[in-house]
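Trainee: Pasting a structure below so you can have a look.
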Amino acid sequence: MDREKIIEKIFELKEKRKAIILAHNYQPPEIQDIADLRGDSLELSLKASKTDAEVIVFCGVFFMAETAKIVSPQKRVLIPVAGACCDMASMLSPEEVVELRKKYPGVPVVTYVNSTAEVKALSDVCCTSANAVKVVGTFPDKRILMLPDMNLARYVQRFFPDKEIIYFEGFCPFHHLLSPEDVLKAKTEHPEAIFIAHPECRPEVIDLADYVASTSGMLRLARELPHKEFIIGTEIGLLYPLSKENPDKRFYHPAPDKMLCPSMKKTRLEDVLNALENFEFEVIVPEEIRVKAYQAVKRMLEIV
């Protein structure tokens, strides 16, 4: 079946199944192009929960589809590629969270949404890269335990010199690989460009940034800022929607070979078609875990 026929069949089945297709900003261009909604993981899940769709096809990695199920238990949630996993989320097990809570009794646990449902269920509140500073700022406690991304935790620490941000040493391998040398080289090659870094980058990369933002924040900055050239410090996939939304601006990547997430690039049009045809692969979150994880997400939403 050729590409056009596959897309035609996807749209036919989407209507038949009363489905909505979500694509994360890092997904391949052809997947972003067929999606009903594109954006950050939690943003997509929350928007989908407000629709009358009966089926959610989440083109992303597994924790994202889990989050969609957490906030939309009545909907059927499918992930087109069962093996699309987030390396950061896989670094932290529920058992390790239990041990950390024992090690730091009474210390609030703030967990990045880039985590499994089981880890969310053991947390006090969730956060995103966009709202982590605001979430942590609501706690009067002098010590906060942030999971699982140490780089996000170290970024948040900058805003609270009076607090101790304790962190688990997890990270996104692709953001963590970006070096100051990569950024400085890009700045030399594109002297008119401003550099926007993702909070998952290392501290020494953040130090070089003109702005620090989530993927949705980067898209917003690109639209609103008067600058015409940008160096983008996040996964290479974001350059597609940035360029598409801002055809009059130029976007450069400091390390395209380093910052390409294989799991995010696994989804093909054929996989989306298969998901809609055969309801594969359905994401199931046990209700006991879902309810607890939802409470952590709900607390975050009450703050922001």
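Every chain in the structure tokens takes a letter, A first, then B, and so on in the order presented; its residues are numbered from 1, and the ligands are numbered from 1 following the presented order.
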Find the spatial neighbours of Phe11 in chain A, counting only C-alpha atoms, within a cut-off of 10 Å - ignore same-chain residues fewer than 6 positions away - and output them as a list in words.

Mentor: Lys5, Arg17, Ala19, Ile20, Ile21, Ile34, Ala35, Leu273 and Leu276 of chain A

Trainee: Identify, on the basis of only C-alpha atoms, every residue whose closest approach to Ala197 in chain A does not exceed 6 Å; exclude the query and any residue fewer than 2 positions from it along the same chain; express the result as a VMD selection string.

Mentor: chain A and resid 209 212 233

Trainee: Selection from above, N, CA and C atoms, as a CSV table (one decimal), in the first residue's frame, can you write it?

Mentor:
chain,number,residue,atom,x,y,z
A,209,ALA,N,22.7,29.4,27.8
A,209,ALA,CA,21.5,29.7,27.1
A,209,ALA,C,21.0,31.1,27.3
A,212,VAL,N,15.7,29.2,28.5
A,212,VAL,CA,15.5,27.8,28.9
A,212,VAL,C,14.0,27.6,28.8
A,233,GLY,N,18.4,23.7,21.6
A,233,GLY,CA,19.0,22.7,22.4
A,233,GLY,C,18.0,21.6,22.9

Trainee: When you look at Gln74 in chain A with a cut-off of 10 Å (counting only C-alpha atoms), what residues show up, excluding the ones that are within fewer than 5 positions of it in the same chain? I need them as a list in words.

Mentor: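 Residues near the query, excluding close chain neighbours: Ser49, Glu54, Val55 and Lys69 of chain A.
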
Trainee: Taking only C-alpha atoms into account, name the residue in A:Asp33, A:Glu235, A:Glu288, A:Glu245 that is nearest to Leu122 in chain A.

Mentor: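 Counting only C-alpha atoms, the residue closest to Leu122 in chain A is A:Glu288.
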
Trainee: Please determine, counting only C-alpha atoms, which residue among A:Val135, A:Leu225, A:Met88, A:Ile236 has the shortest atom-to-atom distance to Ile303 in chain A.

Mentor: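 Closest to Ile303 in chain A of all the choices is A:Val135.
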
Trainee: A:Leu42, A:Val285, A:Ala255, A:Cys261: which is nearest Ala84 in chain A, counting only C-alpha atoms?

Mentor: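 Nearest to Ala84 in chain A: A:Cys261.
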
Trainee: Run DSSP on the backbone of this structure and report the residues of range 108-265 of chain A it assigns to strand (DSSP E), as a ChimeraX atom specification.

Mentor: /A:109-112,125-127,143-147,164-167,194-197,211-212,229-233,250-252
